[in-house]
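This report concerns only the one structure given below.
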Amino acid sequence: MLRIHFTGKDLGGVRMAAGPDPLWETILSFHRIRDRRGPLAYGEWRRETRTRLNGETTLLSALVPQRGYFPDFLTPAQGRLGFDAGLAAGLEALHATPRERIRAELALLVLERSRGTGRGQEKDPGGLLASLAGGCPDCPGRLVDALRTYHRAAVEPYWPHIRARVEADRALRGRALLDGGADELLSTLPPMLRWRSPVLEADYPFDRELRLDGRGLLLQPSFFCRSTPVVHRDPALPPVLVYPVTHSDAPAVTERGGPTLGRLVGHTRSAVLRAIEHGSTTSELARRTGVSLASASQHACVLREAGLVVTLRHGNAVLHTLTPLGAALLRGRGQAEGLYARNGPVTS
């Protein structure tokens, strides 16, 4: 059980991450690629990613065990800047991690592994951890290269899908925050997290108490987080709670401009897309666009099939939000109007 203790100041400091963190997703996806559970959510992704990797994950395997502790320096705060900027800034920060911190966190990793079952696994293949802890000048660069290579194979092709799921979760939490403040937000987190004011309890591999002491808490939804949330081991680091988003389907490479996209032409669906811009339930969508509830649901379904909208259930309602592709299409209305002109409107 993980117990996160809040003060009144901490409740005022609860905030949502601006989007998915590329380094958190990279590290957590490395857990998933070796985890045989959840095949419906990750099976095809595993097969595709393993093909791209050609088995070259030795250094990451040494640093990131299949379960349990991995070093905090692998997920620096600079990664929260977004996809390209966040990845570059995060890897730069990782490369610049002080040698003393690397040595201390690797010592903890070795200790944690020594407490495990082992099952005959080599703890430090090729002495990689020892070299990194010993201040090998080339090792940080090798680690950055290994993370970048793995990220390109396992995360980058699926980033629009990952970002869409995280954005949908953020929309749900944002509505909860607007409706009932931080108390409501914490009450609507996924089921493995339970808000019993002033403590947020979570399913966790072992008992741990985390006291925020006025620092607030950053909530970081994650596509590749699964079953239990994740926090930094070092209590002195800025508090971050990484928790899993709802998986409505498997991660997939986003196809742009497929045949389904042609079904979007027409003023009604354009209005529906605009109405979903900041999140909308089906009843709100019907009211905003002046169509029936059944028609609003049908239009949202078409937009979802085209990869422009994500739909998540929230209590007895469903919430529709834009994917990055849907947002891009909405921002480029001039291009969309050209598409309408070439194809003509569709009767709805």
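Chain identifiers are assigned as A, B, and so on, following the order in which chains appear in the structure tokens; residues are numbered from 1 within each chain, and ligands are numbered from 1 in order of appearance.
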With only C-alpha atoms counted and 12 Å as the cut-off, give the residues of region 145-203 of chain A in contact with region 46-67 of chain A, each with its shortest interatomic distance in Å and the pair that gives it, as a Markdown table.
| residue | atom | partner | partner_atom | distance |
| --- | --- | --- | --- | --- |
| A:Asp145 | CA | A:Leu59 | CA | 10.2 |
| A:Ala146 | CA | A:Leu59 | CA | 7.1 |
| A:Leu147 | CA | A:Leu60 | CA | 7.5 |
| A:Arg148 | CA | A:Leu60 | CA | 11.1 |
| A:Thr149 | CA | A:Leu53 | CA | 8.2 |
| A:Tyr150 | CA | A:Leu53 | CA | 7.0 |
| A:His151 | CA | A:Thr49 | CA | 9.9 |
| A:Arg152 | CA | A:Arg52 | CA | 9.0 |
| A:Ala153 | CA | A:Arg52 | CA | 5.7 |
| A:Ala154 | CA | A:Thr49 | CA | 5.2 |
| A:Val155 | CA | A:Thr49 | CA | 8.7 |
| A:Glu156 | CA | A:Thr49 | CA | 10.5 |
| A:Pro157 | CA | A:Thr49 | CA | 9.5 |
| A:Tyr158 | CA | A:Thr49 | CA | 10.3 |
Since we have the selection now, will you write its residues out, keeping N, CA, C and O atoms, as a PDB file, in the first residue's frame?
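Generated file (selection_25.pdb):
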ATOM      1  N   ASP A 145      22.133   6.901 -25.868  1.00  0.00           N
ATOM      2  CA  ASP A 145      21.941   6.306 -27.194  1.00  0.00           C
ATOM      3  C   ASP A 145      21.004   5.106 -27.128  1.00  0.00           C
ATOM      4  O   ASP A 145      20.147   4.912 -28.002  1.00  0.00           O
ATOM      5  N   ALA A 146      21.165   4.287 -26.069  1.00  0.00           N
ATOM      6  CA  ALA A 146      20.302   3.113 -25.919  1.00  0.00           C
ATOM      7  C   ALA A 146      18.849   3.520 -25.698  1.00  0.00           C
ATOM      8  O   ALA A 146      17.925   2.922 -26.279  1.00  0.00           O
ATOM      9  N   LEU A 147      18.627   4.543 -24.875  1.00  0.00           N
ATOM     10  CA  LEU A 147      17.261   5.016 -24.635  1.00  0.00           C
ATOM     11  C   LEU A 147      16.653   5.612 -25.893  1.00  0.00           C
ATOM     12  O   LEU A 147      15.483   5.376 -26.200  1.00  0.00           O
ATOM     13  N   ARG A 148      17.447   6.397 -26.622  1.00  0.00           N
ATOM     14  CA  ARG A 148      16.935   7.010 -27.840  1.00  0.00           C
ATOM     15  C   ARG A 148      16.578   5.945 -28.883  1.00  0.00           C
ATOM     16  O   ARG A 148      15.529   6.013 -29.536  1.00  0.00           O
ATOM     17  N   THR A 149      17.440   4.944 -29.025  1.00  0.00           N
ATOM     18  CA  THR A 149      17.168   3.864 -29.982  1.00  0.00           C
ATOM     19  C   THR A 149      15.910   3.098 -29.609  1.00  0.00           C
ATOM     20  O   THR A 149      15.051   2.813 -30.459  1.00  0.00           O
ATOM     21  N   TYR A 150      15.795   2.772 -28.336  1.00  0.00           N
ATOM     22  CA  TYR A 150      14.604   2.045 -27.891  1.00  0.00           C
ATOM     23  C   TYR A 150      13.350   2.900 -28.066  1.00  0.00           C
ATOM     24  O   TYR A 150      12.307   2.401 -28.521  1.00  0.00           O
ATOM     25  N   HIS A 151      13.436   4.181 -27.705  1.00  0.00           N
ATOM     26  CA  HIS A 151      12.295   5.084 -27.841  1.00  0.00           C
ATOM     27  C   HIS A 151      11.807   5.144 -29.283  1.00  0.00           C
ATOM     28  O   HIS A 151      10.595   5.116 -29.549  1.00  0.00           O
ATOM     29  N   ARG A 152      12.736   5.220 -30.227  1.00  0.00           N
ATOM     30  CA  ARG A 152      12.354   5.291 -31.644  1.00  0.00           C
ATOM     31  C   ARG A 152      11.624   4.040 -32.107  1.00  0.00           C
ATOM     32  O   ARG A 152      10.755   4.113 -32.981  1.00  0.00           O
ATOM     33  N   ALA A 153      11.961   2.915 -31.515  1.00  0.00           N
ATOM     34  CA  ALA A 153      11.321   1.664 -31.908  1.00  0.00           C
ATOM     35  C   ALA A 153      10.000   1.423 -31.196  1.00  0.00           C
ATOM     36  O   ALA A 153       9.034   0.954 -31.796  1.00  0.00           O
ATOM     37  N   ALA A 154       9.940   1.766 -29.901  1.00  0.00           N
ATOM     38  CA  ALA A 154       8.811   1.349 -29.065  1.00  0.00           C
ATOM     39  C   ALA A 154       7.782   2.432 -28.809  1.00  0.00           C
ATOM     40  O   ALA A 154       6.617   2.122 -28.546  1.00  0.00           O
ATOM     41  N   VAL A 155       8.186   3.705 -28.866  1.00  0.00           N
ATOM     42  CA  VAL A 155       7.285   4.776 -28.449  1.00  0.00           C
ATOM     43  C   VAL A 155       6.976   5.746 -29.588  1.00  0.00           C
ATOM     44  O   VAL A 155       5.812   6.101 -29.819  1.00  0.00           O
ATOM     45  N   GLU A 156       7.991   6.181 -30.287  1.00  0.00           N
ATOM     46  CA  GLU A 156       7.802   7.229 -31.296  1.00  0.00           C
ATOM     47  C   GLU A 156       6.737   6.903 -32.341  1.00  0.00           C
ATOM     48  O   GLU A 156       5.896   7.760 -32.641  1.00  0.00           O
ATOM     49  N   PRO A 157       6.700   5.674 -32.915  1.00  0.00           N
ATOM     50  CA  PRO A 157       5.671   5.410 -33.937  1.00  0.00           C
ATOM     51  C   PRO A 157       4.246   5.481 -33.404  1.00  0.00           C
ATOM     52  O   PRO A 157       3.304   5.649 -34.178  1.00  0.00           O
ATOM     53  N   TYR A 158       4.088   5.338 -32.098  1.00  0.00           N
ATOM     54  CA  TYR A 158       2.758   5.274 -31.482  1.00  0.00           C
ATOM     55  C   TYR A 158       2.415   6.555 -30.731  1.00  0.00           C
ATOM     56  O   TYR A 158       1.392   6.609 -30.050  1.00  0.00           O
TER      57      TYR A 158
END
Original post:
Neighbours of Arg103 (chain A) within 12 Å (only C-alpha atoms; same-chain residues fewer than 6 positions away dropped), as a PyMOL selection string?
Top reply: chain A and resi 71-73+97+109-110+129-136
Suppose we keep all heavy atoms; can you now write the selection as a short mmCIF file (atom, residue, chain, number, x, y, z; two decimals), in the first residue's frame?
data_model
loop_
_atom_site.label_atom_id
_atom_site.label_comp_id
_atom_site.auth_asym_id
_atom_site.auth_seq_id
_atom_site.Cartn_x
_atom_site.Cartn_y
_atom_site.Cartn_z
N PRO A 71 16.24 3.22 -11.35
CA PRO A 71 16.79 4.49 -10.88
C PRO A 71 15.93 5.69 -11.25
O PRO A 71 15.44 5.80 -12.38
CB PRO A 71 18.16 4.55 -11.56
CG PRO A 71 18.52 3.12 -11.82
CD PRO A 71 17.22 2.44 -12.14
N ASP A 72 15.78 6.61 -10.31
CA ASP A 72 15.01 7.83 -10.55
C ASP A 72 15.64 8.72 -11.62
O ASP A 72 14.93 9.47 -12.29
CB ASP A 72 14.89 8.63 -9.24
CG ASP A 72 13.99 7.96 -8.21
OD1 ASP A 72 13.07 7.23 -8.62
OD2 ASP A 72 14.22 8.17 -7.01
N PHE A 73 16.97 8.63 -11.79
CA PHE A 73 17.60 9.53 -12.75
C PHE A 73 17.21 9.23 -14.19
O PHE A 73 17.47 10.03 -15.09
CB PHE A 73 19.13 9.54 -12.59
CG PHE A 73 19.85 8.25 -12.95
CD1 PHE A 73 20.01 7.86 -14.28
CD2 PHE A 73 20.39 7.44 -11.96
CE1 PHE A 73 20.68 6.69 -14.61
CE2 PHE A 73 21.07 6.28 -12.28
CZ PHE A 73 21.21 5.89 -13.62
N THR A 97 23.53 13.93 -15.28
CA THR A 97 23.30 13.51 -13.90
C THR A 97 24.62 13.42 -13.14
O THR A 97 25.57 12.81 -13.63
CB THR A 97 22.61 12.14 -13.87
OG1 THR A 97 21.40 12.18 -14.62
CG2 THR A 97 22.27 11.73 -12.43
N LEU A 109 19.79 -0.03 -6.64
CA LEU A 109 19.29 -1.01 -7.61
C LEU A 109 19.91 -2.38 -7.36
O LEU A 109 19.20 -3.40 -7.34
CB LEU A 109 19.60 -0.53 -9.03
CG LEU A 109 19.25 -1.50 -10.17
CD1 LEU A 109 17.76 -1.75 -10.23
CD2 LEU A 109 19.76 -0.95 -11.50
N VAL A 110 21.21 -2.41 -7.15
CA VAL A 110 21.89 -3.68 -6.87
C VAL A 110 21.36 -4.30 -5.58
O VAL A 110 21.14 -5.52 -5.49
CB VAL A 110 23.41 -3.46 -6.80
CG1 VAL A 110 24.12 -4.73 -6.30
CG2 VAL A 110 23.95 -3.06 -8.17
N LEU A 129 26.69 -1.99 -15.18
CA LEU A 129 26.35 -1.14 -14.04
C LEU A 129 27.59 -0.69 -13.29
O LEU A 129 27.67 0.47 -12.87
CB LEU A 129 25.40 -1.89 -13.10
CG LEU A 129 24.03 -2.30 -13.66
CD1 LEU A 129 23.18 -2.92 -12.57
CD2 LEU A 129 23.32 -1.12 -14.28
N ALA A 130 28.52 -1.59 -13.14
CA ALA A 130 29.75 -1.24 -12.45
C ALA A 130 30.50 -0.14 -13.20
O ALA A 130 31.05 0.80 -12.59
CB ALA A 130 30.64 -2.47 -12.29
N SER A 131 30.51 -0.22 -14.51
CA SER A 131 31.19 0.81 -15.31
C SER A 131 30.49 2.15 -15.18
O SER A 131 31.13 3.20 -15.04
CB SER A 131 31.24 0.38 -16.78
OG SER A 131 32.01 -0.79 -16.95
N LEU A 132 29.16 2.13 -15.23
CA LEU A 132 28.40 3.37 -15.11
C LEU A 132 28.59 3.99 -13.73
O LEU A 132 28.80 5.20 -13.60
CB LEU A 132 26.92 3.09 -15.38
CG LEU A 132 25.97 4.29 -15.44
CD1 LEU A 132 26.40 5.27 -16.52
CD2 LEU A 132 24.53 3.82 -15.70
N ALA A 133 28.52 3.16 -12.70
CA ALA A 133 28.70 3.66 -11.33
C ALA A 133 30.12 4.14 -11.09
O ALA A 133 30.36 5.05 -10.29
CB ALA A 133 28.33 2.57 -10.33
N GLY A 134 31.08 3.54 -11.80
CA GLY A 134 32.47 3.89 -11.59
C GLY A 134 32.92 5.14 -12.31
O GLY A 134 34.09 5.50 -12.24
N GLY A 135 31.99 5.80 -13.02
CA GLY A 135 32.35 7.05 -13.67
C GLY A 135 32.92 6.89 -15.06
O GLY A 135 33.61 7.79 -15.56
N CYS A 136 32.65 5.77 -15.70
CA CYS A 136 33.10 5.57 -17.09
C CYS A 136 32.65 6.75 -17.93
O CYS A 136 31.44 7.04 -18.02
CB CYS A 136 32.50 4.27 -17.63
SG CYS A 136 32.50 4.11 -19.42
#
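The set of residues in region 31-239 of chain A assigned to strand (DSSP E or B) by DSSP, using only backbone atoms of this structure, is Leu193, Arg194, Trp195, Arg196, Val199, Leu200, Glu201, Ala202, Arg208, Glu209, Leu210, Arg211, Leu217, Leu218, Leu219, Gln220, Pro221, Ser222 and Val230 of chain A.
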Subject >> Residue nearest Glu25 (chain A) among A:Cys139, A:Leu241, A:Cys225, A:Val318 (counting only C-alpha atoms) >> reply: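 Counting only C-alpha atoms, the residue closest to Glu25 (chain A) is A:Cys225.
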Within 8 Å of Pro244 (chain A), counting only C-alpha atoms, which residues show up once you throw out same-chain ones fewer than 6 positions away? Write them as a short mmCIF file (atom, residue, chain, number, x, y, z; two decimals) with C-alpha atoms, in the first residue's frame, please.
data_model
loop_
_atom_site.label_atom_id
_atom_site.label_comp_id
_atom_site.auth_asym_id
_atom_site.auth_seq_id
_atom_site.Cartn_x
_atom_site.Cartn_y
_atom_site.Cartn_z
CA PRO A 190 -8.53 5.13 -11.50
CA PRO A 221 -1.23 9.97 -16.70
CA SER A 222 0.65 7.30 -18.62
CA PHE A 223 -0.25 4.94 -21.43
CA PHE A 224 2.33 2.28 -20.51
CA CYS A 225 1.80 2.39 -16.75
CA ARG A 226 -0.19 -0.67 -15.71
CA SER A 227 -2.01 -1.98 -12.61
CA THR A 228 -0.16 0.11 -10.01
CA PRO A 229 0.94 3.75 -10.01
#
Original post:
What does the distance from CA of Ser187 (chain A) to CA of Phe206 (chain A) come to in Å, to one decimal?
Top reply: 22.5 Å
**OP:** Can you check which residues of region 81-228 of chain A DSSP gives as alpha helix (DSSP H) on the backbone and send them as a ChimeraX atom specification?
**Re:** /A:84-95,99-115,128-133,139-154,159-187
**OP:** Go through A:Arg208, A:Arg142, A:Arg113, A:Arg34 one by one, measure the shortest atom-to-atom distance of each to Leu2 (chain A) using only C-alpha atoms, and give the residue with the smallest value.
**Re:**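 Of the candidates, the smallest distance to Leu2 (chain A) is held by A:Arg208.
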Subject >> Within 7 Å of Leu87 (chain A) using only C-alpha atoms, minus same-chain residues under 6 positions, as a PyMOL selection string >> reply: chain A and resi 22-23+79
Only N, CA, C and O atoms, please: the residues just picked out, written as a PDB file, in the first residue's frame.
ATOM      1  N   PRO A  22       7.732  11.660 -22.399  1.00  0.00           N
ATOM      2  CA  PRO A  22       8.362  10.667 -23.280  1.00  0.00           C
ATOM      3  C   PRO A  22       9.307   9.717 -22.564  1.00  0.00           C
ATOM      4  O   PRO A  22       9.412   8.554 -22.962  1.00  0.00           O
ATOM      5  N   LEU A  23       9.991  10.172 -21.511  1.00  0.00           N
ATOM      6  CA  LEU A  23      10.905   9.260 -20.825  1.00  0.00           C
ATOM      7  C   LEU A  23      10.165   8.306 -19.887  1.00  0.00           C
ATOM      8  O   LEU A  23      10.525   7.127 -19.786  1.00  0.00           O
ATOM      9  N   GLY A  79      11.859  16.022 -18.953  1.00  0.00           N
ATOM     10  CA  GLY A  79      11.139  15.278 -19.983  1.00  0.00           C
ATOM     11  C   GLY A  79       9.707  15.705 -20.153  1.00  0.00           C
ATOM     12  O   GLY A  79       9.039  15.293 -21.112  1.00  0.00           O
TER      13      GLY A  79
END
